[in-house]
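Colleague: Got a structure for you, written out below as structure tokens; questions coming shortly.
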Amino acid sequence: MKKFTLPLLLLAFAVLLAAPMAFKSYGLYLLTYWLVFIIAIMGLNLTIGYAGQKSLGHAAFFGIGAYTVAIMMKAGLSFWLGLPAAALLCFVVGLILGFPALRVQTIYLAFATLGFNTAVWLVFRNEEWLTGGTFGLNNIARPQLFGLSLEGNLAYYYFVLAVTLLLGGLLWGLLRSPWGKAFTALRDNPIRAESLGIDIRRYTLLSFAIGAAYAGVAGALFASLVQFIDPAPFAIASSIMMYLMVVLGGPGYFLGPVLGSAVGVVLPEWLRFAQGWYLFVFGSAVVLLMIWLPDGLLSIPDRFKARKQARQASAARAASAQAAAKGAQA
Amino acid sequence: MTHPHHHDRPQGVPVLKVTDLRKAYGAIQAVGGVSFEVRPGEIFGVIGPNGAGKTTLFNSMLGQITPDSGRIELNGEDVTQLEPLELNRRGVGRTFQTLQVFGKMTVRDNLIVAAQEHQGSMFSRMFAPSDSGLGDKADALIDQFHIRHVADKKAGELSYGQQKLVDIAMAFMSEPDLVLLDEPCAGVNPSLVGGISSLLKELNRNPRIGKKSSFVVIEHNMDFVMDLCHRIMVMVEGKVMAIGTPDEIRANKQVLDAYLGS
């Protein structure tokens, strides 16, 4: 991890704790929305950024999580049962989706996962008896925690913040463990990784499954946040947007999802004044970013460092060439 | 649970035994009935002109391709059908012809990741410390390879020669019984070739970690092979032309005519 990561994390934590003071109800709702996406994108960052698997089906897991909680709560079951069920179901489905990744890679894998997303979305839309179809499911309640109601936007914000920090901490621990190195090795050079005894099949499947479980939790929190779900937010356009959030933040950077989600979720709200021009501005910004910063926003410090090193190296070369020339003259 | 590698080898059993190995690509017989043994602690060289079948032989021994027939034994155990992953866990390390380091990891992490999967179970590794308890071992190899000054740099930022050293060191991190080196001098500055040769000799005779291992080396640099290897196998057109000590190979008229030239 980079040396700035911990101070940045602490600063971000302080800001997030104090944030409600600066926002009204809608602002809080938006902040919570952002946190939900941070969780989902943390999972996708593991799959794409750390393990190098090109997945364009993340919104499907987000949807499975949301519908799991919504359907279970409609059936009279507790949110606290629905939340782990959403994570578990997504973990299992993610594991299954990982199997194509053992056979195909890169753009072909992206298309396979895109197909998966479409299939899941069609289930959400067509299986009206279960999902409510295009009418969706409404009146999804927010839970209670030890008798405390999380109904209000402030309480729900702190609850989602706690879950985000917990899942962030778990991911941090996982990435610092030998698993983190194995995922990176799988991404950078699977053939070499296998020759070193790294079971690339298992790590590929797990990168999908864990990433999907994060999306499942995010989806469950999303359902309770918006209190009404229909198939629209879980279509392939959302998966593409989620992929973009990983890329914008910086794939393989721990804090990438925080920044990527902010750009994908919060920025559109701030740019509302631009109305129809918003997408044009956003699209152009993405094109420029991909040209100058293909490794995402968080790669900026690394680029400066690389530039500095290159300058130092060329200065050292020039100095030694000068010294050699002087030596030759003498 | 640790992985089942480093088998106790009964005395007299070779580390590697290849018997009548064959592999054809369509009408071309890339390897046509190759047999040889590698003894414990031996450095065994494989030489031959381009197209002699060395790479096909290597890939068969490493589980990258399945041979049409024949048998490969590691410490007396049949490993013919095993995949690279399983072979590594049974004590086979390797390097590749081209550089294969993890460029975004530090040199130290490259060495650690090269052996971490041999520590505990996959589940236990989820809770293991970041260096898997391999820090000391990695440091010992870093010193032996004289790459201490770049240990905390990203491998991708190093010079080609330094990366080559990291690449070779990685193959030794899991204390393998057998290391297959695919052209360790390819693309290396001539001044480093001698260094690699003495390093490999030192690793073979006085390893700082683990026990003595055997090597199989494919290499085009004839001086390097003759200096390093205990025995050499000459392959021509998929078959074994000769196996012997460097002196015997140098004196073999058939080899001189077919390969070494005047």
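Every chain in the structure tokens takes a letter, A first, then B, and so on in the order presented; its residues are numbered from 1, and the ligands are numbered from 1 following the presented order.
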Do me a favour and pick out the residues of chain B within 7 Å of chain A, using only C-alpha atoms, as an mmCIF file with C-alpha atoms, in the first residue's frame.
Modeller:
data_model
loop_
_atom_site.group_PDB
_atom_site.id
_atom_site.type_symbol
_atom_site.label_atom_id
_atom_site.label_comp_id
_atom_site.auth_asym_id
_atom_site.auth_seq_id
_atom_site.Cartn_x
_atom_site.Cartn_y
_atom_site.Cartn_z
ATOM 1 C CA PRO B 84 2.392 -26.899 -13.982
ATOM 2 C CA LEU B 85 0.668 -26.117 -10.686
ATOM 3 C CA ASN B 88 5.505 -26.912 -8.728
ATOM 4 C CA ARG B 89 3.919 -28.271 -5.588
ATOM 5 C CA GLN B 100 8.529 -13.203 -16.249
ATOM 6 C CA PHE B 102 5.689 -9.332 -11.566
ATOM 7 C CA VAL B 113 4.860 -14.683 -3.867
ATOM 8 C CA ALA B 114 7.106 -17.293 -5.488
ATOM 9 C CA ALA B 115 6.880 -19.504 -2.392
ATOM 10 C CA GLN B 116 3.833 -18.395 -0.424
ATOM 11 C CA GLU B 117 1.528 -21.056 -1.861
ATOM 12 C CA ARG B 125 -3.149 -17.982 3.936
ATOM 13 C CA MET B 126 -6.123 -15.602 4.075
ATOM 14 C CA PHE B 127 -5.118 -14.802 7.670
ATOM 15 C CA ALA B 128 -1.364 -15.165 7.251
ATOM 16 C CA PRO B 129 1.033 -12.217 7.561
ATOM 17 C CA SER B 130 1.775 -10.313 4.385
ATOM 18 C CA SER B 132 3.830 -15.462 4.735
#
Colleague: Would you return as a VMD selection string the members of stretch 33-174 of chain A that DSSP assigns to strand (DSSP E or B) on this structure's backbone?
Modeller: chain A and resid 137 to 138 144 to 145 148 to 149
Colleague: For B:Leu203, find every residue with an atom within 12 Å (counting only C-alpha atoms), except residues of its own chain fewer than 5 positions away, and show them as a PyMOL selection string.
Modeller: chain B and resi 41-43+140-141+144-145+168-169+171-173+175-176+178-179+196-198+208-215+228
Colleague: With only C-alpha atoms as the counted atoms, please give the residues lying no more than 10 Å from stretch 249-256 of chain B, apart from itself and same-chain residues fewer than 2 positions off, as an MDAnalysis selection string.
Modeller: chainID B and resid 48 226 231:236 241:247 258:262
Colleague: Enter the distance from atom CA of A:Leu122 to atom CA of A:Leu279, in Å, rounded to one decimal.
Modeller: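 Value for the atom CA of A:Leu122-atom CA of A:Leu279 distance: 26.4 Å.
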Colleague: So which one's closest to A:Ala101, A:Met72, A:Ala162, A:Ala51, A:Leu244? Using only C-alpha atoms, please.
Modeller: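 Distance minimum relative to A:Ala101 lands on A:Ala51.
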Colleague: Quick one: residues within 8 Å of stretch 88-100 of chain A, only C-alpha atoms counted, chain neighbours fewer than 2 positions away excluded, as a VMD selection string?
Modeller: chain A and resid 61 64 to 65 84 to 86 102 to 104 109 112 to 113 116 204 to 206 208 to 213 215 to 216
Colleague: Once you have the residues from the selection above, write them out as a compact mmCIF listing (two decimals), in the first residue's frame, restricted to N, CA and C atoms.
Modeller:
# COMPACT_ATOMS: atom_id res chain seq x y z
N PHE A 61 -25.23 -8.50 -10.01
CA PHE A 61 -25.06 -8.89 -8.60
C PHE A 61 -25.67 -7.84 -7.67
N ILE A 64 -29.22 -8.62 -7.78
CA ILE A 64 -29.57 -9.84 -7.04
C ILE A 64 -29.60 -9.54 -5.54
N GLY A 65 -28.62 -8.75 -5.08
CA GLY A 65 -28.60 -8.36 -3.67
C GLY A 65 -29.84 -7.56 -3.29
N PRO A 84 -27.22 -10.97 4.90
CA PRO A 84 -26.25 -12.05 4.65
C PRO A 84 -26.69 -12.99 3.54
N ALA A 85 -28.02 -13.16 3.38
CA ALA A 85 -28.51 -14.03 2.30
C ALA A 85 -28.12 -13.44 0.95
N ALA A 86 -28.24 -12.11 0.83
CA ALA A 86 -27.87 -11.43 -0.42
C ALA A 86 -26.39 -11.63 -0.72
N LEU A 102 -12.39 -19.04 -16.58
CA LEU A 102 -11.31 -20.02 -16.64
C LEU A 102 -11.02 -20.39 -18.09
N ARG A 103 -11.98 -20.11 -18.97
CA ARG A 103 -11.82 -20.50 -20.38
C ARG A 103 -11.54 -19.30 -21.28
N VAL A 104 -12.20 -18.19 -21.00
CA VAL A 104 -12.01 -17.02 -21.86
C VAL A 104 -11.51 -15.83 -21.03
N LEU A 109 -14.33 -12.40 -22.16
CA LEU A 109 -14.89 -12.54 -20.82
C LEU A 109 -15.88 -11.41 -20.55
N ALA A 112 -19.05 -12.31 -22.13
CA ALA A 112 -19.73 -13.39 -21.41
C ALA A 112 -20.45 -12.83 -20.19
N THR A 113 -19.79 -11.93 -19.46
CA THR A 113 -20.40 -11.37 -18.26
C THR A 113 -21.53 -10.41 -18.63
N PHE A 116 -24.49 -12.48 -19.16
CA PHE A 116 -25.02 -12.87 -17.85
C PHE A 116 -25.89 -11.75 -17.28
N THR A 204 -9.16 -17.06 -9.47
CA THR A 204 -10.05 -16.42 -10.44
C THR A 204 -11.50 -16.50 -9.95
N LEU A 205 -11.91 -17.71 -9.56
CA LEU A 205 -13.28 -17.90 -9.08
C LEU A 205 -13.54 -17.05 -7.85
N LEU A 206 -12.57 -17.02 -6.93
CA LEU A 206 -12.77 -16.27 -5.69
C LEU A 206 -12.82 -14.77 -5.94
N PHE A 208 -14.12 -13.34 -8.46
CA PHE A 208 -15.49 -13.08 -8.90
C PHE A 208 -16.46 -13.18 -7.72
N ALA A 209 -16.30 -14.24 -6.93
CA ALA A 209 -17.26 -14.52 -5.87
C ALA A 209 -17.22 -13.43 -4.79
N ILE A 210 -16.01 -13.03 -4.38
CA ILE A 210 -15.91 -12.02 -3.32
C ILE A 210 -16.39 -10.67 -3.86
N GLY A 211 -15.99 -10.36 -5.09
CA GLY A 211 -16.46 -9.11 -5.71
C GLY A 211 -17.98 -9.08 -5.79
N ALA A 212 -18.58 -10.23 -6.14
CA ALA A 212 -20.04 -10.32 -6.25
C ALA A 212 -20.70 -10.18 -4.89
N ALA A 213 -20.09 -10.76 -3.85
CA ALA A 213 -20.66 -10.66 -2.50
C ALA A 213 -20.71 -9.20 -2.06
N ALA A 215 -21.01 -6.66 -4.05
CA ALA A 215 -22.12 -6.06 -4.80
C ALA A 215 -23.45 -6.46 -4.18
N GLY A 216 -23.53 -7.69 -3.67
CA GLY A 216 -24.75 -8.17 -3.04
C GLY A 216 -25.10 -7.35 -1.81
Colleague: When DSSP works through the backbone of this structure, what residues of stretch 23-228 of chain B end up as alpha helix (DSSP H), shown as number ranges by chain?
Modeller: B: 54-61, 84-89, 107-113, 122-125, 135-144, 160-172, 190-205, 222-228
Colleague: Restricted to C-alpha atoms, what would the selected residues look like written as a short mmCIF file (atom, residue, chain, number, x, y, z; two decimals), in the first residue's frame?
Modeller:
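Writing the result to selection-v8.cif gives the following:
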data_model
loop_
_atom_site.label_atom_id
_atom_site.label_comp_id
_atom_site.auth_asym_id
_atom_site.auth_seq_id
_atom_site.Cartn_x
_atom_site.Cartn_y
_atom_site.Cartn_z
CA LYS B 54 14.39 -28.78 -26.79
CA THR B 55 11.48 -26.46 -26.08
CA THR B 56 8.89 -29.19 -26.75
CA LEU B 57 10.80 -31.47 -24.39
CA PHE B 58 10.91 -28.71 -21.77
CA ASN B 59 7.22 -27.89 -22.13
CA SER B 60 6.35 -31.59 -21.77
CA MET B 61 8.41 -31.90 -18.61
CA PRO B 84 2.39 -26.90 -13.98
CA LEU B 85 0.67 -26.12 -10.69
CA GLU B 86 0.95 -29.69 -9.43
CA LEU B 87 4.53 -30.04 -10.64
CA ASN B 88 5.51 -26.91 -8.73
CA ARG B 89 3.92 -28.27 -5.59
CA VAL B 107 11.64 -7.49 -5.72
CA ARG B 108 11.07 -8.80 -2.18
CA ASP B 109 7.37 -9.41 -2.87
CA ASN B 110 8.25 -11.19 -6.12
CA LEU B 111 10.33 -13.64 -4.09
CA ILE B 112 7.68 -14.01 -1.39
CA VAL B 113 4.86 -14.68 -3.87
CA MET B 122 -5.36 -21.62 1.01
CA PHE B 123 -7.74 -20.81 3.87
CA SER B 124 -4.96 -20.26 6.40
CA ARG B 125 -3.15 -17.98 3.94
CA GLY B 135 10.85 -12.63 4.79
CA ASP B 136 14.09 -14.16 6.08
CA LYS B 137 14.25 -16.66 3.26
CA ALA B 138 13.66 -13.91 0.69
CA ASP B 139 16.39 -11.81 2.30
CA ALA B 140 18.84 -14.72 2.15
CA LEU B 141 18.27 -15.09 -1.59
CA ILE B 142 18.36 -11.31 -2.11
CA ASP B 143 21.85 -11.31 -0.55
CA GLN B 144 22.99 -14.37 -2.49
CA TYR B 160 16.98 -6.25 -17.78
CA GLY B 161 19.91 -7.98 -16.09
CA GLN B 162 18.59 -7.24 -12.61
CA GLN B 163 15.15 -8.53 -13.59
CA LYS B 164 16.76 -11.70 -14.91
CA LEU B 165 18.39 -12.25 -11.53
CA VAL B 166 15.04 -11.74 -9.77
CA ASP B 167 13.45 -14.14 -12.25
CA ILE B 168 16.02 -16.85 -11.46
CA ALA B 169 15.87 -16.22 -7.71
CA MET B 170 12.09 -16.71 -7.80
CA ALA B 171 12.53 -20.26 -9.10
CA PHE B 172 14.57 -21.15 -6.00
CA PRO B 190 27.93 -10.81 -21.71
CA SER B 191 29.40 -9.33 -18.53
CA LEU B 192 26.53 -10.79 -16.52
CA VAL B 193 26.74 -14.27 -18.06
CA GLY B 194 29.73 -15.16 -15.88
CA GLY B 195 27.88 -13.86 -12.85
CA ILE B 196 24.83 -16.02 -13.57
CA SER B 197 27.07 -19.03 -14.07
CA SER B 198 28.83 -18.63 -10.72
CA LEU B 199 25.50 -17.94 -9.01
CA LEU B 200 24.01 -21.16 -10.39
CA LYS B 201 27.09 -23.12 -9.33
CA GLU B 202 26.85 -21.66 -5.84
CA LEU B 203 23.11 -22.42 -5.67
CA ASN B 204 23.87 -25.98 -6.76
CA ARG B 205 26.71 -26.59 -4.31
CA MET B 222 28.12 -23.04 -25.52
CA ASP B 223 30.86 -21.71 -23.20
CA PHE B 224 28.26 -21.23 -20.49
CA VAL B 225 26.87 -24.77 -20.85
CA MET B 226 30.28 -26.43 -21.03
CA ASP B 227 31.45 -24.54 -17.94
CA LEU B 228 28.31 -25.03 -15.85
#
Colleague: Which residue is closest to B:Val31? Choose from B:Asp68, B:Glu73, B:Glu157, B:Asp131 and count only C-alpha atoms.
Modeller: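 Once distances to B:Val31 are computed over only C-alpha atoms, the minimum belongs to B:Asp68.
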Colleague: When distances are computed from only C-alpha atoms, which of B:Gly45, B:Gly51, B:Leu21, B:Val34 shows the smallest separation from B:Glu237?
Modeller: B:Gly51
Colleague: If you measure from atom CA of A:Tyr26 to atom CA of A:Gly260, what distance in Å do you get, rounded to one decimal?
Modeller: 20.9 Å
Colleague: Please measure the separation of atom CA of A:Pro294 and atom CA of A:Gly249, giving the value in Å to one decimal.
Modeller: 10.2 Å
Colleague: Need the shell around A:Tyr50: protein/DNA/RNA residues with any atom at most 6 Å away, counting only C-alpha atoms. Skip same-chain ones fewer than 4 positions apart. Format as a PyMOL selection string?
Modeller: chain A and resi 46+183-184+252
